[in-house]
Structures are given as structure tokens and as C-alpha cells.
Amino acid sequence: MLTADPEVFAAISHPARRRMLDLLVEADCPVNAIAANFDMSRPAVSQHLRILLEAGLVTERRYGRERRYHLTPERLSPVRDWLAHYERFWDDRFSRLKRHLERSDKR
Amino acid sequence: MTDAIRRELKFPQPPEAVWRALTNSAALAEWMYPNDFEPRVGHHFTFRVPPKPHLEDGLIVQCEVLKCVPPSELVFTWVVSNFLNTRVSYRLEADGDGTRVLFEHTGFEHKGARTGAEYGWNVMHGQLSEALTSQRSSR
């Protein structure tokens with residue numbers, strides 16, 4: 001059911017990386033501009049960006065002497081297959097709900 | 001293409017018992033996830049989905065109660081970062097001694113793909129801004 005690249009899911013599982021992607025929706029950004037939005041060290045920011053690069057969610061583009069990060073939105077399309085993900089999620093939760101109600105009966 | 005999940009669930013317990021399981025924070029923690037739910041319209045709460053192997057930091061689902069009519073109707077938003085802006089609803093009906101629950105999770109973004117727009121990204125962001133604006137104006 002869920003055929004999306006696990007690398008992509010791992011990449012977007014971190015809130016800081018999701019915020020980085022949000023920033024890059026607005027415009028291509030150099031690493032400094034990205035880092036300015038986060039209360040973390042530059043190496044930590046670079047590490048997150050490397051994970052996004054490796055997942056193919058961002059690419060680097062040259063602007064003169066500067067390199068900027070560019071969002072690759074098409075890589076996110078499998079992630080949007082939320083329906084398949086949530087179909088399983090809810091069926092799993094509802095079987096827990098059923099068991100919860102059975103246990104409550106016995107109390 | 002469907003853009004919703006719908007389930008009809010039947011429970012032998014009466015609507016009041018099912019309602020309790022849906023709206024009591026401790027009960028929700030047992031079958032859903034840790035949360036700070038309160039059964040009143042306008043209450044903002046989160047479900048904290050714990051980390052899993054492929055979800056290293058877990059996930060915070062941000063919700064707001066939109067409708068709360070005991071023991072028959074509960075509607076809340078279900079928002080995950082900028083990626084998902086959806087809505088969950090439960091309708092409870094007495095069914096003999098038990099309860100029939102009509103569940104819906106709606107608002108999934110397949111519109112972009114359907115119209116061939118660029119992966120729906122712009123659509124999604126437009127809707128997010130709208131959602132944020134309406135949230136602000138409704139506070």
C-alpha cells in the first residue's frame with residue numbers, strides 16, 4: 001500500500017526539516033538564510049540539509065558565487081499518498097478502540 | 001478518485017460509552033495517542049504520535065474541536081505541519097442496545113493531481129494560508 005520511498009519519509013519526519021522545506025517553498029535560500037530561522041548550530045543545519053539532499057527533496061543551485069537550496073516538490077508526491085497511510089492507521093486505531101470498550105465493560 | 005476515508009463501525013456498547021472513549025483524554029490516550037483533548041468547541045489540542053523506526057521523532061498532529069454534541073457528533077481538524085490539513089468527524093447513532101459510528105476523515109489533497117497542477121503544492125499552500133487566516137479571525 002505505502003510504496004513511497006522510506007528515505008523521503010525519514011527526511012520529513014523531523015520537524016526542523018519540515019520547516020526547512022516550508023521555507024524553501026517561498027524561495028531558493030542559501031544555507032545562511034535557512035540557518036537564521038533555527039536555533040541550532042550551523043553543522044546541525046547542514047546535517048539536516050544533507051539528509052534532505054540525499055532524499056532528493058532539495059537540490060543545490062548556483063546563483064553566481066552563491067549556492068542556494070531549491071525544493072524539489074515532485075519528490076513529495078508519494079508522501080501525499082496519505083489516504084493509503086491513514087486507511088491503515090484508522091483501521092488499526094479502531095481495533096484498539098474496540099478492545100478498549102471491551103475492557104471498559106469489564107471494569 | 002476518492003479524497004476521504006469513511007468507515008461505518010458498530011459497537012455493542014451504548015452511545016454514551018462510545019462517546020466517553022472518543023472524548024475522554026485518558027481513554028483517547030489508551031486507543032489513540034497521548035493528547036490534551038477537551039470536549040469543547042474551539043479547544044486546540046495535539047496527538048503526540050511516538051517515534052517509530054521510520055519516523056524518528058514521531059509526529060505532532062494539531063487539532064481543534066469544531067463540533068462537540070454529546071453523545072452524537074464530534075468534529076475536529078487534523079493538521080500535520082504544512083503537509084496535511086484535514087478534518088475528522090464521528091457521528092454516533094443508537095443501534096439497538098449498541099452504537100453505530102459513522103467516521104470520516106476528509107480533506108486529503110488529491111485535487112492537484114486530478115487537475116494536473118504541479119503536485120498540488122500551490123493548492124495546498126493556498127489552503128493552509130486560508131486555514132491559518134480563518135483560525136486567526138475566529139479567535
# chains A, B, ... in the order shown; residues from 1 in each chain; ligands from 1

$ residues_around --residues "region 42-44 of chain A" --least-positions-apart "3" --cutoff "9 Å" --atoms "only C-alpha atoms" --output "number ranges by chain"
A: 31-32, 35, 47-49

$ interface_residues --of "chain A" --to "chain B" --cutoff "9 Å" --atoms "only C-alpha atoms" --output "mmCIF file with C-alpha atoms, in the first residue's frame"
data_model
loop_
_atom_site.group_PDB
_atom_site.id
_atom_site.type_symbol
_atom_site.label_atom_id
_atom_site.label_comp_id
_atom_site.auth_asym_id
_atom_site.auth_seq_id
_atom_site.Cartn_x
_atom_site.Cartn_y
_atom_site.Cartn_z
ATOM 1 C CA PRO A 6 11.345 5.405 3.069
ATOM 2 C CA GLU A 7 14.169 7.933 2.698
ATOM 3 C CA PHE A 9 9.521 9.697 4.971
ATOM 4 C CA ALA A 10 12.572 9.673 7.202
ATOM 5 C CA ALA A 11 13.576 13.053 5.820
ATOM 6 C CA ILE A 12 10.248 14.694 6.557
ATOM 7 C CA SER A 13 9.845 13.017 9.932
ATOM 8 C CA HIS A 14 11.924 15.724 11.604
ATOM 9 C CA PRO A 15 10.079 18.963 12.423
ATOM 10 C CA ARG A 18 9.734 20.093 7.531
ATOM 11 C CA ARG A 19 10.214 23.762 8.432
ATOM 12 C CA ASP A 22 8.385 25.183 4.173
ATOM 13 C CA VAL A 25 8.571 26.776 -0.830
ATOM 14 C CA PRO A 73 8.303 19.263 -4.872
ATOM 15 C CA GLU A 74 7.746 16.261 -7.136
ATOM 16 C CA LEU A 76 6.984 14.812 -2.134
ATOM 17 C CA SER A 77 4.221 13.395 -4.293
ATOM 18 C CA VAL A 79 4.237 11.311 0.588
ATOM 19 C CA ARG A 80 0.915 12.782 -0.406
ATOM 20 C CA ASP A 81 -0.454 9.296 -0.639
ATOM 21 C CA TRP A 82 -1.867 9.994 2.791
ATOM 22 C CA LEU A 83 -5.042 8.065 2.101
ATOM 23 C CA TYR A 86 -4.397 6.707 7.017
ATOM 24 C CA GLU A 87 -6.644 3.839 5.890
ATOM 25 C CA TRP A 90 -7.515 4.247 11.375
ATOM 26 C CA ASP A 91 -8.292 0.534 10.975
ATOM 27 C CA ARG A 93 -6.816 2.515 15.858
ATOM 28 C CA PHE A 94 -10.417 1.297 15.627
ATOM 29 C CA SER A 95 -9.467 -2.243 16.527
ATOM 30 C CA ARG A 96 -7.784 -0.719 19.584
ATOM 31 C CA LEU A 97 -10.951 1.277 20.289
ATOM 32 C CA LYS A 98 -12.985 -1.928 20.158
ATOM 33 C CA ARG A 99 -10.655 -3.613 22.653
ATOM 34 C CA HIS A 100 -10.690 -0.511 24.851
ATOM 35 C CA LEU A 101 -14.509 -0.602 25.023
ATOM 36 C CA GLU A 102 -14.489 -4.327 25.819
ATOM 37 C CA SER A 104 -14.174 -0.829 29.969
ATOM 38 C CA ASP A 105 -17.215 -3.134 30.055
#

$ atom_distance --atom1 "CA of Asp97 (chain B)" --atom2 "CA of Glu8 (chain B)"
16.6 Å

$ select_by_dssp --residues "region 8-94 of chain A" --states "strand (DSSP E)" --output "ChimeraX atom specification"
/A:29-30,58-63,66-71

$ write_last_selection --atoms "N, CA and C atoms" --output "short mmCIF file (atom, residue, chain, number, x, y, z; two decimals), in the first residue's frame"
data_model
loop_
_atom_site.label_atom_id
_atom_site.label_comp_id
_atom_site.auth_asym_id
_atom_site.auth_seq_id
_atom_site.Cartn_x
_atom_site.Cartn_y
_atom_site.Cartn_z
N CYS A 29 17.00 29.32 -1.08
CA CYS A 29 17.71 30.02 0.00
C CYS A 29 19.12 29.49 0.15
N PRO A 30 20.07 30.39 0.45
CA PRO A 30 21.40 29.93 0.84
C PRO A 30 21.37 29.42 2.27
N VAL A 58 15.56 18.31 -1.88
CA VAL A 58 16.11 19.60 -2.29
C VAL A 58 17.32 19.34 -3.19
N THR A 59 17.64 20.34 -4.00
CA THR A 59 18.86 20.30 -4.79
C THR A 59 19.62 21.59 -4.52
N GLU A 60 20.90 21.63 -4.91
CA GLU A 60 21.67 22.85 -4.78
C GLU A 60 21.74 23.52 -6.15
N ARG A 61 21.55 24.83 -6.15
CA ARG A 61 21.64 25.59 -7.40
C ARG A 61 22.64 26.73 -7.22
N ARG A 62 23.35 27.02 -8.28
CA ARG A 62 24.32 28.13 -8.22
C ARG A 62 23.67 29.43 -8.62
N TYR A 63 23.88 30.45 -7.79
CA TYR A 63 23.48 31.82 -8.13
C TYR A 63 24.76 32.63 -8.06
N GLU A 66 27.17 32.11 -5.14
CA GLU A 66 26.43 31.56 -4.02
C GLU A 66 25.70 30.28 -4.40
N ARG A 67 25.63 29.36 -3.45
CA ARG A 67 24.82 28.17 -3.67
C ARG A 67 23.54 28.29 -2.85
N ARG A 68 22.43 28.00 -3.48
CA ARG A 68 21.16 28.05 -2.75
C ARG A 68 20.46 26.71 -2.84
N TYR A 69 19.66 26.43 -1.83
CA TYR A 69 18.88 25.20 -1.82
C TYR A 69 17.55 25.43 -2.51
N HIS A 70 17.16 24.43 -3.29
CA HIS A 70 15.95 24.54 -4.10
C HIS A 70 15.06 23.33 -3.80
N LEU A 71 13.79 23.57 -3.54
CA LEU A 71 12.85 22.49 -3.24
C LEU A 71 12.51 21.70 -4.50
#

$ closest_residue --among "B:Val69, B:Val80, B:Val75, B:Ala26" --to "Thr46 (chain B)" --atoms "only C-alpha atoms"
B:Val80

$ select_by_dssp --residues "region 30-103 of chain A" --states "helix (DSSP H, G or I)" --output "VMD selection string"
chain A and resid 31 to 35 42 to 54 73 to 80 82 to 103

$ atom_distance --atom1 "CA of Arg107 (chain A)" --atom2 "CA of Pro71 (chain B)"
21.0 Å

$ residues_around --residues "Arg75 (chain A)" --least-positions-apart "5" --cutoff "9 Å" --atoms "only C-alpha atoms" --output "list in words"
Val8, Ala55, Gly56, Leu57 and Val58 of chain A

$ residues_around --residues "Pro70 (chain B)" --least-positions-apart "5" --cutoff "9 Å" --atoms "only C-alpha atoms" --output "ChimeraX atom specification"
/B:16,19,39

$ atom_distance --atom1 "CA of Asn24 (chain B)" --atom2 "CA of Phe47 (chain B)"
13.1 Å

$ residues_around --residues "Phe37 (chain B)" --least-positions-apart "3" --cutoff "8 Å" --atoms "only C-alpha atoms" --output "JSON, numbers by chain"
{"B": [23, 24, 25, 43, 44, 45, 46]}

$ write_last_selection --atoms "C-alpha atoms" --output "CSV table (one decimal), in the first residue's frame"
chain,number,residue,atom,x,y,z
B,23,THR,CA,-13.8,12.3,24.2
B,24,ASN,CA,-12.1,11.4,27.4
B,25,SER,CA,-8.4,12.3,27.3
B,43,HIS,CA,-10.2,23.8,22.1
B,44,HIS,CA,-6.8,23.3,20.5
B,45,PHE,CA,-5.1,20.1,21.3
B,46,THR,CA,-2.5,17.7,19.9
